[in-house]
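J.: Starting off with a structure, shown below.
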Amino acid sequence: MRKVVVTGRGAISPIGLTWAETWAGMCAGRSGIRRLSGIDVAGLPVRIGGQIDGFDPMEHLPAALVRRTGRTVHLALAAARAALDEAGLPEGGLGPRAAVVIGSVGGHGQRAAEARSAFARNGVKGLSPYTFAATGIVGPASEVALLVGAQGPVSTVATACATGATCVGEGMRLIREGRADVVLAGGADDTLTAFDLAVAARAGALSRRNDRPEAASRPFDRGRDGFVMSAGAGVLVLESAEHAAARGARVFGELAGYGATTDAHHLTAPHPQGTMAREAMRAALAEAGVAVRSVGYVNAHGTSTRHNDATEIVVLRAVLEERAASVPISSTKSVTGHMLAAAGAVEAMAMLEVIRTGIVPPTVNCDDPEDPELDFVPQHAQARRVDVAVSNSFGFGGHNAVLVGSGAGVDRG
């Protein structure tokens, strides 16, 4: 199988409009969670979230494209353009050896809601001719494929909160199996609407710390009361090592392993023993060809929900075994909130950046850890040399996706 490297990264998050800004915010432990503005949250039990401030799609995309597409597509396209720029690849004509695997959990919902309102007011004449295409789940992947001229496999993948990691993992496989040389992979979502907040709050999934937004996302802390919904996008340019070397591309990390399983246990709750999540971690390490003793960092899924965090602790202890207490484990969702489909992709970037820079971002708000023996990197970043790192992503429906990064041949610094 061919080696897969990352040559471009594009991220838009509540803590930064670029990957560099997002990474700096993670390392500083700077929360992007605040009281929501521009959304009618009156009467809602949850009035906080991770909004993206300062992002104007008209600064990144043609006006006609902005008008016919929704916010999630705007974020995905802007992140893809940033990743392409960093990789030194053109915005068109990548051809049949280029692929796209980008997913969204519910990012078309706002566009669909707007269309339903227009239809209720004005009937069929109130609908745009683009509504049919704009309200489908394939929008982000299809629009990115149009942007880059990708004529290889183009897929929309949705595995709930594991979507971003799944897309990166499946993109890896396209390259490893020789079906593509370049893949744009990741996810995007903006579900910060009154309806989406109400639905998630009604399910008991969201934190209700409206009085202290910056303290609401508290992975692995005993006082956690739910996750914080956020908007975001993350797109990585993956290449075969040979393709990257042939064009002299800078390499920011190697994706060495991917494991995917499903709990088949419950629609929303993880398996209490994390049986298949463990298998996903072990499968990813096995594909990477590395032993557990080599793991130097874990970017945890760490959503700040009761069941997820407790189960992930069980999983980490089972897989890391006697090394569990010595491996730094952090959740960057403590500052970004949960960006849904974007989460796993942005966290894969963080995993590789830890290897490249030797900086481990903290888990903020972890004041009273559920497992005091584990190193959740509380409050402040750590300096560590890391050669192998893991990124966990687990989603509703029992979806598990785990990525392993390696420092072999990476341009550190």
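Following the order of the structure tokens, first chain is A, next is B, and so on, with residues numbered from 1 inside each chain and ligands from 1 in the order they appear.
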Quick one: pick out all strand (DSSP E or B) residues within range 72-136 of chain A from a backbone DSSP run and write them as a ChimeraX atom specification.

T.: /A:95,98-103

J.: Using only C-alpha atoms, determine which residues lie at most 8 Å from range 201-213 of chain A, disregarding the query and same-chain residues fewer than 2 positions distant; provide the list as an mmCIF file with N, CA and C atoms, in the first residue's frame.

T.:
```cif
data_model
loop_
_atom_site.group_PDB
_atom_site.id
_atom_site.type_symbol
_atom_site.label_atom_id
_atom_site.label_comp_id
_atom_site.auth_asym_id
_atom_site.auth_seq_id
_atom_site.Cartn_x
_atom_site.Cartn_y
_atom_site.Cartn_z
ATOM 1 N N ILE A 33 -16.408 29.789 22.385
ATOM 2 C CA ILE A 33 -17.820 29.569 22.713
ATOM 3 C C ILE A 33 -18.366 30.812 23.408
ATOM 4 N N ARG A 34 -19.494 31.290 22.935
ATOM 5 C CA ARG A 34 -20.068 32.525 23.475
ATOM 6 C C ARG A 34 -21.587 32.516 23.311
ATOM 7 N N ARG A 35 -22.230 33.540 23.857
ATOM 8 C CA ARG A 35 -23.661 33.693 23.666
ATOM 9 C C ARG A 35 -23.921 33.957 22.182
ATOM 10 N N PRO A 45 -33.692 26.601 25.798
ATOM 11 C CA PRO A 45 -32.909 26.297 26.994
ATOM 12 C C PRO A 45 -31.415 26.463 26.784
ATOM 13 N N VAL A 46 -30.993 26.514 25.519
ATOM 14 C CA VAL A 46 -29.573 26.675 25.186
ATOM 15 C C VAL A 46 -29.422 27.919 24.320
ATOM 16 N N ARG A 47 -28.552 28.829 24.758
ATOM 17 C CA ARG A 47 -28.385 30.090 24.028
ATOM 18 C C ARG A 47 -26.910 30.385 23.736
ATOM 19 N N ILE A 48 -26.091 29.334 23.766
ATOM 20 C CA ILE A 48 -24.653 29.477 23.530
ATOM 21 C C ILE A 48 -24.215 28.539 22.413
ATOM 22 N N GLY A 49 -23.080 28.842 21.823
ATOM 23 C CA GLY A 49 -22.546 27.977 20.774
ATOM 24 C C GLY A 49 -21.222 28.508 20.257
ATOM 25 N N LEU A 197 -30.761 23.856 17.511
ATOM 26 C CA LEU A 197 -30.439 23.963 18.930
ATOM 27 C C LEU A 197 -31.554 23.371 19.787
ATOM 28 N N ALA A 198 -32.808 23.646 19.396
ATOM 29 C CA ALA A 198 -33.942 23.127 20.161
ATOM 30 C C ALA A 198 -33.998 21.608 20.108
ATOM 31 N N VAL A 199 -33.749 21.041 18.929
ATOM 32 C CA VAL A 199 -33.781 19.581 18.772
ATOM 33 C C VAL A 199 -32.702 18.921 19.629
ATOM 34 N N ALA A 215 -16.997 28.258 29.797
ATOM 35 C CA ALA A 215 -16.788 27.118 30.698
ATOM 36 C C ALA A 215 -17.726 25.961 30.387
ATOM 37 N N ALA A 216 -18.500 26.075 29.315
ATOM 38 C CA ALA A 216 -19.537 25.081 29.042
ATOM 39 C C ALA A 216 -18.992 23.762 28.505
ATOM 40 N N SER A 217 -17.968 23.827 27.655
ATOM 41 C CA SER A 217 -17.395 22.599 27.097
ATOM 42 C C SER A 217 -16.274 22.149 28.020
ATOM 43 N N ARG A 224 -19.240 18.143 33.752
ATOM 44 C CA ARG A 224 -19.745 18.345 32.390
ATOM 45 C C ARG A 224 -21.248 18.074 32.319
ATOM 46 N N ASP A 225 -21.929 18.788 31.429
ATOM 47 C CA ASP A 225 -23.376 18.588 31.309
ATOM 48 C C ASP A 225 -23.850 18.552 29.857
ATOM 49 N N GLY A 226 -22.927 18.334 28.922
ATOM 50 C CA GLY A 226 -23.323 18.217 27.524
ATOM 51 C C GLY A 226 -22.330 18.913 26.609
ATOM 52 N N PHE A 227 -22.464 18.668 25.312
ATOM 53 C CA PHE A 227 -21.543 19.297 24.373
ATOM 54 C C PHE A 227 -22.074 20.661 23.942
ATOM 55 N N VAL A 228 -21.219 21.418 23.267
ATOM 56 C CA VAL A 228 -21.579 22.738 22.754
ATOM 57 C C VAL A 228 -21.563 22.663 21.235
ATOM 58 N N MET A 229 -22.681 23.014 20.616
ATOM 59 C CA MET A 229 -22.776 22.941 19.167
ATOM 60 C C MET A 229 -22.024 24.103 18.523
ATOM 61 N N THR A 305 -19.886 15.152 27.038
ATOM 62 C CA THR A 305 -21.145 14.513 27.438
ATOM 63 C C THR A 305 -20.839 13.412 28.449
#
```

J.: Under the rule that only C-alpha atoms are counted, which of A:Gly50, A:Gly29, A:Pro57, A:Gly234 is the nearest residue to Ala83 in chain A?

T.: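 Closest to Ala83 in chain A, using only C-alpha atoms: A:Gly234.
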
J.: Applying 6 Å and only C-alpha atoms, which residues near range 369-376 of chain A remain after dropping the ones on its own chain fewer than 3 positions away? List them as an mmCIF file with N, CA and C atoms, in the first residue's frame.

T.:
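Final output, saved to selection-v8.cif:
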```
data_model
loop_
_atom_site.group_PDB
_atom_site.id
_atom_site.type_symbol
_atom_site.label_atom_id
_atom_site.label_comp_id
_atom_site.auth_asym_id
_atom_site.auth_seq_id
_atom_site.Cartn_x
_atom_site.Cartn_y
_atom_site.Cartn_z
ATOM 1 N N PHE A 220 -14.171 15.416 29.972
ATOM 2 C CA PHE A 220 -13.581 14.574 31.021
ATOM 3 C C PHE A 220 -13.675 15.188 32.415
ATOM 4 N N ASP A 221 -14.333 16.314 32.561
ATOM 5 C CA ASP A 221 -14.531 16.921 33.869
ATOM 6 C C ASP A 221 -15.813 16.361 34.489
ATOM 7 N N ARG A 222 -15.793 16.116 35.773
ATOM 8 C CA ARG A 222 -16.968 15.548 36.435
ATOM 9 C C ARG A 222 -18.193 16.456 36.340
ATOM 10 N N ALA A 325 -1.579 6.153 31.714
ATOM 11 C CA ALA A 325 -1.358 7.318 32.574
ATOM 12 C C ALA A 325 -0.213 8.206 32.100
ATOM 13 N N PRO A 328 -0.170 11.817 27.049
ATOM 14 C CA PRO A 328 -1.038 12.996 27.105
ATOM 15 C C PRO A 328 -2.268 12.811 26.218
ATOM 16 N N ILE A 329 -3.428 13.151 26.768
ATOM 17 C CA ILE A 329 -4.715 12.990 26.095
ATOM 18 C C ILE A 329 -5.443 14.321 26.207
ATOM 19 N N SER A 330 -5.786 14.941 25.096
ATOM 20 C CA SER A 330 -6.512 16.206 25.200
ATOM 21 C C SER A 330 -7.672 16.255 24.227
ATOM 22 N N CYS A 366 -11.042 21.332 32.426
ATOM 23 C CA CYS A 366 -10.946 20.024 33.078
ATOM 24 C C CYS A 366 -10.393 20.246 34.488
#
```

J.: Please determine, counting only C-alpha atoms, which residue among A:Arg317, A:Arg179, A:Arg384, A:Arg282 has the shortest atom-to-atom distance to Ala401 in chain A.

T.: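 The closest residue to Ala401 in chain A is A:Arg282.
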